[in-house]
Amino acid sequence: MKQIRVRFAPSPTGFLHIGGLRTALYDYLFAKALGGACILRIEDTDQSRLVPGATENLISSLHSLGLDYDEGPGIGGDFGPYVQSQRLQLYQQEAARLVANGDAYHCFCTAETLSEMRTQQQERKEFVKYDRRCLHLNKDEVTARIEAGEKHVLRLKMPDERIFAFDDHIRGRVEMDANQSDDQVLLKSDGFPTYHLAAVVDDHYMQISHVIRGEEWLSSTPKHIWLYECLGWQPPEWVHLPLILNPDRSKLSKRMNDVSVESYLQKGYLPEALLNFIALLGWHPADDRELYSLEELCQIFSLERVSKAGAVFDLTKLDWMNGHYLRSLPLETVIERSKPYFEEQNLPLPQPEVLELMVEAARERSQLLPQIAEYCRIFISPAPLSEADTEVIQSENSQKVLMWWAEQLPPQFPLNAEKVDILVKEGIAATGLKGKAYYTPLRLALIGQPHGPDMPTTFAILGDDNALGRIQSHII
């Protein structure tokens, strides 16, 4: 069996998006499951669409998610460089070989000519493709026009009659007619290759064994197979992943949705939850489990369990999953990851032992990291009572509860959980109140809302003097 080598090859045109993350994750899981290598390659040949800092952002996002590649920018490898703009001579060399063998040709058509051509084909209801008007230019004319400085591109000459048949790990046997493929531009007028030439050349020279990519590239596979044939190379194995869909079954679109991975991380989604969720967008484990660590996924992932049906991006499920990880990760991990949101919400961080108690209580009631900080606000700086809550806490029964506690607390200092539990029971007996009538005024005074953690936890977080002061401040 040949060595497993897969590549994630994003274009640095913006942030890493959800679809790209799934491809990167499946590459990573497939390689790790079979002891292979995962390569990061930056496909930056479309210079007009480059976004400054995008490459660094892509690398940072992958690293923050724990998807560290084996070869690529910054760490090197035996098949570099791993940035396509640094490999131009190789693409031009292979393009020249295609021209010399008659498998590619020079095209001098302007953008205006091509636009008019497409319009006429659409009006005639024909398949829109290049009509090969430059294919039969003789060698002398081509040379003269090039020497005159006329802009041109190189196009791949596709076969006229050919059914391309290939095996896909997800779709099985696929057959596609060459008539539905265009004479694709391989080398642009600026000397940079298009995706099609660069990807094939790099996948060959980097010894990529499996090309894992989105379903949208399925229609381009005949062009790539033909390029491999023309260049005399063995093609890799093909894996085309299903679409990611909105709940209404429409395609998840960058234009219509928030699909940036960085955005989800900034909103307080945990890397562990995001990876777990993304893994299940098209892949189904053998058992009924839904919660897996990255290490577990590396052990059980296989392409055979990837479906060809579209996968629905269900935000409700992601929220649920994130809440699970908030509660199951080590407390110190959740504390560290929630700290930036305290600063973002202008909340001062309490002493470490108090912060631990706060976050432990908050994560039981939160789904996202910012919600932890927001929940902790009730202990640090509670909002003023609403008019309705003010009316409740100023009622005769509520005042009875608060005055009893104000009188009983000081002799019991310093408090502990056992003392608070005893006081709760004694207060119920002394006031003759229970349930909401008893707990609501006490919680309104202590944390500014009628619901919250148990009383021992609340008193431990607030501290003796602070708790007493809050109760006293609501006695009229």
# chains A, B, ... in the order shown; residues from 1 in each chain; ligands from 1
>>> residues_around(residues="A:Arg132", least_positions_apart="2", cutoff="10 Å", atoms="only C-alpha atoms", output="list in words")
Tyr105, Cys107, Cys109, Lys129, Tyr130, Cys134, Leu135, His136, Leu137, Arg155, Lys157, Asp182 and Asp183 of chain A
>>> write_last_selection(atoms="C-alpha atoms", output="compact mmCIF listing (two decimals), in the first residue's frame")
# COMPACT_ATOMS: atom_id res chain seq x y z
CA TYR A 105 -2.42 25.84 -27.11
CA CYS A 107 -5.25 31.69 -26.94
CA CYS A 109 -8.98 36.11 -27.25
CA LYS A 129 -17.54 26.79 -23.49
CA TYR A 130 -14.61 28.18 -25.44
CA CYS A 134 -7.39 29.96 -31.49
CA LEU A 135 -6.76 26.21 -31.60
CA HIS A 136 -5.79 26.11 -35.27
CA LEU A 137 -3.50 29.15 -35.40
CA ARG A 155 -5.54 26.42 -22.76
CA LYS A 157 -7.01 20.81 -25.37
CA ASP A 182 -14.26 23.41 -21.44
CA ASP A 183 -10.76 23.91 -22.83
>>> residues_around(residues="A:Trp217", least_positions_apart="4", cutoff="12 Å", atoms="only C-alpha atoms", output="VMD selection string")
chain A and resid 195 to 196 199 211 to 213 221 to 224 238 to 243
>>> write_last_selection(atoms="N, CA, C and O atoms", output="PDB file, in the first residue's frame")
ATOM      1  N   TYR A 195      -5.925  27.288 -10.974  1.00  0.00           N
ATOM      2  CA  TYR A 195      -6.014  26.211  -9.982  1.00  0.00           C
ATOM      3  C   TYR A 195      -5.777  24.852 -10.610  1.00  0.00           C
ATOM      4  O   TYR A 195      -5.076  24.000 -10.057  1.00  0.00           O
ATOM      5  N   HIS A 196      -6.349  24.646 -11.787  1.00  0.00           N
ATOM      6  CA  HIS A 196      -6.350  23.321 -12.402  1.00  0.00           C
ATOM      7  C   HIS A 196      -4.927  22.820 -12.686  1.00  0.00           C
ATOM      8  O   HIS A 196      -4.582  21.677 -12.353  1.00  0.00           O
ATOM      9  N   ALA A 199      -2.768  22.726  -9.160  1.00  0.00           N
ATOM     10  CA  ALA A 199      -3.160  21.644  -8.249  1.00  0.00           C
ATOM     11  C   ALA A 199      -2.647  20.295  -8.747  1.00  0.00           C
ATOM     12  O   ALA A 199      -2.123  19.485  -7.965  1.00  0.00           O
ATOM     13  N   VAL A 211      -6.951  12.991  -3.033  1.00  0.00           N
ATOM     14  CA  VAL A 211      -7.419  14.377  -3.092  1.00  0.00           C
ATOM     15  C   VAL A 211      -8.809  14.427  -2.459  1.00  0.00           C
ATOM     16  O   VAL A 211      -9.774  13.889  -3.012  1.00  0.00           O
ATOM     17  N   ILE A 212      -8.877  15.033  -1.291  1.00  0.00           N
ATOM     18  CA  ILE A 212     -10.145  15.187  -0.572  1.00  0.00           C
ATOM     19  C   ILE A 212     -10.596  16.627  -0.742  1.00  0.00           C
ATOM     20  O   ILE A 212      -9.898  17.558  -0.320  1.00  0.00           O
ATOM     21  N   ARG A 213     -11.741  16.836  -1.357  1.00  0.00           N
ATOM     22  CA  ARG A 213     -12.217  18.192  -1.635  1.00  0.00           C
ATOM     23  C   ARG A 213     -13.732  18.191  -1.738  1.00  0.00           C
ATOM     24  O   ARG A 213     -14.380  17.143  -1.725  1.00  0.00           O
ATOM     25  N   THR A 221     -13.078  17.223 -12.368  1.00  0.00           N
ATOM     26  CA  THR A 221     -12.226  16.042 -12.304  1.00  0.00           C
ATOM     27  C   THR A 221     -11.819  15.516 -13.686  1.00  0.00           C
ATOM     28  O   THR A 221     -10.663  15.117 -13.860  1.00  0.00           O
ATOM     29  N   PRO A 222     -12.697  15.507 -14.712  1.00  0.00           N
ATOM     30  CA  PRO A 222     -12.231  15.070 -16.036  1.00  0.00           C
ATOM     31  C   PRO A 222     -11.050  15.890 -16.551  1.00  0.00           C
ATOM     32  O   PRO A 222     -10.115  15.323 -17.144  1.00  0.00           O
ATOM     33  N   LYS A 223     -11.061  17.199 -16.326  1.00  0.00           N
ATOM     34  CA  LYS A 223      -9.933  18.029 -16.765  1.00  0.00           C
ATOM     35  C   LYS A 223      -8.653  17.598 -16.060  1.00  0.00           C
ATOM     36  O   LYS A 223      -7.570  17.551 -16.665  1.00  0.00           O
ATOM     37  N   HIS A 224      -8.788  17.300 -14.780  1.00  0.00           N
ATOM     38  CA  HIS A 224      -7.601  16.925 -14.014  1.00  0.00           C
ATOM     39  C   HIS A 224      -7.105  15.538 -14.425  1.00  0.00           C
ATOM     40  O   HIS A 224      -5.893  15.324 -14.546  1.00  0.00           O
ATOM     41  N   TRP A 238      -9.708   9.817  -5.694  1.00  0.00           N
ATOM     42  CA  TRP A 238     -10.592  10.975  -5.590  1.00  0.00           C
ATOM     43  C   TRP A 238     -11.601  10.802  -4.456  1.00  0.00           C
ATOM     44  O   TRP A 238     -12.180   9.726  -4.278  1.00  0.00           O
ATOM     45  N   VAL A 239     -11.807  11.890  -3.724  1.00  0.00           N
ATOM     46  CA  VAL A 239     -12.766  11.902  -2.620  1.00  0.00           C
ATOM     47  C   VAL A 239     -13.502  13.238  -2.662  1.00  0.00           C
ATOM     48  O   VAL A 239     -12.923  14.288  -2.352  1.00  0.00           O
ATOM     49  N   HIS A 240     -14.770  13.221  -3.056  1.00  0.00           N
ATOM     50  CA  HIS A 240     -15.545  14.462  -3.151  1.00  0.00           C
ATOM     51  C   HIS A 240     -16.606  14.495  -2.051  1.00  0.00           C
ATOM     52  O   HIS A 240     -17.531  13.689  -2.041  1.00  0.00           O
ATOM     53  N   LEU A 241     -16.427  15.428  -1.130  1.00  0.00           N
ATOM     54  CA  LEU A 241     -17.270  15.513   0.058  1.00  0.00           C
ATOM     55  C   LEU A 241     -18.633  16.104  -0.262  1.00  0.00           C
ATOM     56  O   LEU A 241     -18.761  16.949  -1.165  1.00  0.00           O
ATOM     57  N   PRO A 242     -19.677  15.715   0.479  1.00  0.00           N
ATOM     58  CA  PRO A 242     -21.025  16.255   0.229  1.00  0.00           C
ATOM     59  C   PRO A 242     -21.105  17.733   0.587  1.00  0.00           C
ATOM     60  O   PRO A 242     -20.279  18.258   1.352  1.00  0.00           O
ATOM     61  N   LEU A 243     -22.105  18.381   0.052  1.00  0.00           N
ATOM     62  CA  LEU A 243     -22.328  19.798   0.358  1.00  0.00           C
ATOM     63  C   LEU A 243     -22.722  19.967   1.822  1.00  0.00           C
ATOM     64  O   LEU A 243     -23.281  19.063   2.444  1.00  0.00           O
TER      65      LEU A 243
END
>>> closest_residue(among="A:Gln449, A:Ser473, A:Thr316, A:Ser85", to="A:Ser11", atoms="only C-alpha atoms")
A:Ser85
>>> select_by_dssp(residues="stretch 55-260 of chain A", states="strand (DSSP E or B)", output="number ranges by chain")
A: 71-72, 76, 83, 104-107, 153-156, 163-168, 172-177, 185-187, 193, 210-214, 237-241, 244-245, 251, 260
>>> atom_distance(atom1="atom CA of A:Pro12", atom2="atom CA of A:Asp27")
18.4 Å
>>> closest_residue(among="A:Leu368, A:Leu65, A:Ala406, A:Val420", to="A:Asp465", atoms="only C-alpha atoms")
A:Ala406
>>> residues_around(residues="A:Ser219", least_positions_apart="3", cutoff="9 Å", atoms="only C-alpha atoms", output="PDB file with C-alpha atoms, in the first residue's frame")
ATOM      1  CA  MET A 176     -18.656  12.252 -17.227  1.00  0.00           C
ATOM      2  CA  GLN A 180     -19.360  19.000 -20.879  1.00  0.00           C
ATOM      3  CA  SER A 181     -15.812  20.191 -20.172  1.00  0.00           C
ATOM      4  CA  GLU A 215     -18.415  18.217  -4.242  1.00  0.00           C
ATOM      5  CA  GLU A 216     -18.245  21.445  -6.247  1.00  0.00           C
ATOM      6  CA  PRO A 222     -12.231  15.070 -16.036  1.00  0.00           C
ATOM      7  CA  LYS A 223      -9.933  18.029 -16.765  1.00  0.00           C
TER       8      LYS A 223
END
>>> residues_around(residues="A:Gln86", least_positions_apart="5", cutoff="10 Å", atoms="only C-alpha atoms", output="PDB file with N, CA and C atoms, in the first residue's frame")
ATOM      1  N   ASP A  44      -2.074  30.445  -3.822  1.00  0.00           N
ATOM      2  CA  ASP A  44      -2.190  31.899  -3.946  1.00  0.00           C
ATOM      3  C   ASP A  44      -1.924  32.389  -5.366  1.00  0.00           C
ATOM      4  N   THR A  45      -2.306  31.588  -6.353  1.00  0.00           N
ATOM      5  CA  THR A  45      -2.007  31.970  -7.735  1.00  0.00           C
ATOM      6  C   THR A  45      -2.961  33.023  -8.284  1.00  0.00           C
ATOM      7  N   GLY A  80       8.740  21.039  -0.603  1.00  0.00           N
ATOM      8  CA  GLY A  80       8.460  22.465  -0.677  1.00  0.00           C
ATOM      9  C   GLY A  80       9.056  23.117  -1.914  1.00  0.00           C
ATOM     10  N   PRO A  81       8.849  24.420  -2.095  1.00  0.00           N
ATOM     11  CA  PRO A  81       8.073  25.266  -1.178  1.00  0.00           C
ATOM     12  C   PRO A  81       6.578  24.925  -1.226  1.00  0.00           C
TER      13      PRO A  81
END
>>> residues_around(residues="A:Val259", least_positions_apart="6", cutoff="9 Å", atoms="only C-alpha atoms", output="count of residues only")
6
>>> atom_distance(atom1="atom CA of A:Ile59", atom2="atom CA of A:Glu344")
25.0 Å
>>> atom_distance(atom1="atom CA of A:Val185", atom2="atom CA of A:Val200")
13.5 Å
>>> closest_residue(among="A:Ala198, A:Val153, A:Leu355, A:Ala144", to="A:Ala9", atoms="only C-alpha atoms")
A:Ala198
>>> residues_around(residues="A:Gln394", least_positions_apart="2", cutoff="12 Å", atoms="only C-alpha atoms", output="PyMOL selection string")
chain A and resi 385+387-392+396-403+440-442+444-445+473-476
>>> closest_residue(among="A:Gln184, A:Gln93, A:Thr458, A:Asn57", to="A:Asp131", atoms="only C-alpha atoms")
A:Gln184
>>> residues_around(residues="A:Gly149", least_positions_apart="4", cutoff="12 Å", atoms="only C-alpha atoms", output="PyMOL selection string")
chain A and resi 108+142-145+189
>>> write_last_selection(atoms="N, CA and C atoms", output="CSV table (one decimal), in the first residue's frame")
chain,number,residue,atom,x,y,z
A,108,PHE,N,-5.4,34.0,-27.8
A,108,PHE,CA,-5.3,35.4,-27.7
A,108,PHE,C,-6.6,36.2,-27.6
A,142,VAL,N,1.4,32.3,-34.2
A,142,VAL,CA,1.5,32.3,-32.7
A,142,VAL,C,2.8,33.0,-32.3
A,143,THR,N,3.9,32.7,-32.9
A,143,THR,CA,5.2,33.2,-32.5
A,143,THR,C,5.2,34.7,-32.8
A,144,ALA,N,4.7,35.2,-33.9
A,144,ALA,CA,4.6,36.6,-34.3
A,144,ALA,C,3.8,37.4,-33.3
A,145,ARG,N,2.7,36.9,-32.9
A,145,ARG,CA,1.8,37.6,-31.9
A,145,ARG,C,2.4,37.6,-30.5
A,189,SER,N,-2.4,35.2,-18.5
A,189,SER,CA,-1.5,36.1,-19.2
A,189,SER,C,-0.4,36.7,-18.3
>>> closest_residue(among="A:His204, A:Lys308, A:Arg337, A:Lys317", to="A:Pro247", atoms="only C-alpha atoms")
A:Lys317
>>> closest_residue(among="A:Leu67, A:Leu409, A:Leu315, A:Glu295", to="A:Gln472", atoms="only C-alpha atoms")
A:Leu409
>>> select_by_dssp(residues="stretch 108-297 of chain A", states="alpha helix (DSSP H)", output="ChimeraX atom specification")
/A:111-123,139-147,195-205,221-231,261-266,271-279,294-297
>>> decode(residues="stretch 385-403 of chain A", atoms="N, CA, C and O atoms", output="short mmCIF file (atom, residue, chain, number, x, y, z; two decimals), in the first residue's frame")
data_model
loop_
_atom_site.label_atom_id
_atom_site.label_comp_id
_atom_site.auth_asym_id
_atom_site.auth_seq_id
_atom_site.Cartn_x
_atom_site.Cartn_y
_atom_site.Cartn_z
N LEU A 385 -32.79 46.23 40.11
CA LEU A 385 -34.02 45.46 40.04
C LEU A 385 -35.04 46.14 39.15
O LEU A 385 -35.13 47.37 39.10
N SER A 386 -35.81 45.33 38.47
CA SER A 386 -36.90 45.87 37.66
C SER A 386 -38.01 46.38 38.59
O SER A 386 -38.01 46.10 39.80
N GLU A 387 -38.94 47.07 38.01
CA GLU A 387 -40.06 47.60 38.81
C GLU A 387 -40.84 46.47 39.45
O GLU A 387 -41.22 46.55 40.63
N ALA A 388 -41.06 45.38 38.70
CA ALA A 388 -41.81 44.25 39.23
C ALA A 388 -41.04 43.56 40.36
O ALA A 388 -41.63 43.20 41.40
N ASP A 389 -39.73 43.39 40.18
CA ASP A 389 -38.93 42.75 41.23
C ASP A 389 -38.83 43.63 42.47
O ASP A 389 -38.81 43.14 43.60
N THR A 390 -38.77 44.94 42.25
CA THR A 390 -38.74 45.87 43.39
C THR A 390 -40.01 45.75 44.21
O THR A 390 -39.98 45.74 45.45
N GLU A 391 -41.12 45.61 43.52
CA GLU A 391 -42.41 45.45 44.22
C GLU A 391 -42.42 44.16 45.03
O GLU A 391 -42.92 44.13 46.17
N VAL A 392 -41.84 43.09 44.47
CA VAL A 392 -41.78 41.80 45.17
C VAL A 392 -40.93 41.92 46.42
O VAL A 392 -41.33 41.50 47.52
N ILE A 393 -39.73 42.50 46.28
CA ILE A 393 -38.80 42.51 47.41
C ILE A 393 -39.23 43.48 48.51
O ILE A 393 -38.79 43.35 49.66
N GLN A 394 -40.11 44.40 48.18
CA GLN A 394 -40.58 45.35 49.19
C GLN A 394 -41.87 44.91 49.88
O GLN A 394 -42.38 45.59 50.76
N SER A 395 -42.36 43.72 49.49
CA SER A 395 -43.58 43.20 50.12
C SER A 395 -43.30 42.82 51.57
O SER A 395 -42.15 42.61 51.98
N GLU A 396 -44.35 42.68 52.34
CA GLU A 396 -44.20 42.40 53.78
C GLU A 396 -43.48 41.08 54.02
O GLU A 396 -42.57 41.00 54.86
N ASN A 397 -43.88 40.03 53.30
CA ASN A 397 -43.25 38.73 53.50
C ASN A 397 -41.77 38.74 53.11
O ASN A 397 -40.92 38.13 53.79
N SER A 398 -41.46 39.42 51.99
CA SER A 398 -40.06 39.49 51.56
C SER A 398 -39.21 40.21 52.59
O SER A 398 -38.09 39.78 52.90
N GLN A 399 -39.73 41.30 53.12
CA GLN A 399 -38.98 42.04 54.13
C GLN A 399 -38.77 41.20 55.39
O GLN A 399 -37.73 41.28 56.05
N LYS A 400 -39.75 40.38 55.68
CA LYS A 400 -39.64 39.49 56.84
C LYS A 400 -38.45 38.53 56.67
O LYS A 400 -37.68 38.30 57.62
N VAL A 401 -38.30 37.98 55.46
CA VAL A 401 -37.19 37.07 55.16
C VAL A 401 -35.86 37.79 55.27
O VAL A 401 -34.91 37.31 55.91
N LEU A 402 -35.77 38.98 54.66
CA LEU A 402 -34.50 39.70 54.64
C LEU A 402 -34.08 40.15 56.04
O LEU A 402 -32.89 40.07 56.40
N MET A 403 -35.03 40.62 56.85
CA MET A 403 -34.69 41.07 58.20
C MET A 403 -34.22 39.90 59.06
O MET A 403 -33.30 40.05 59.87
#
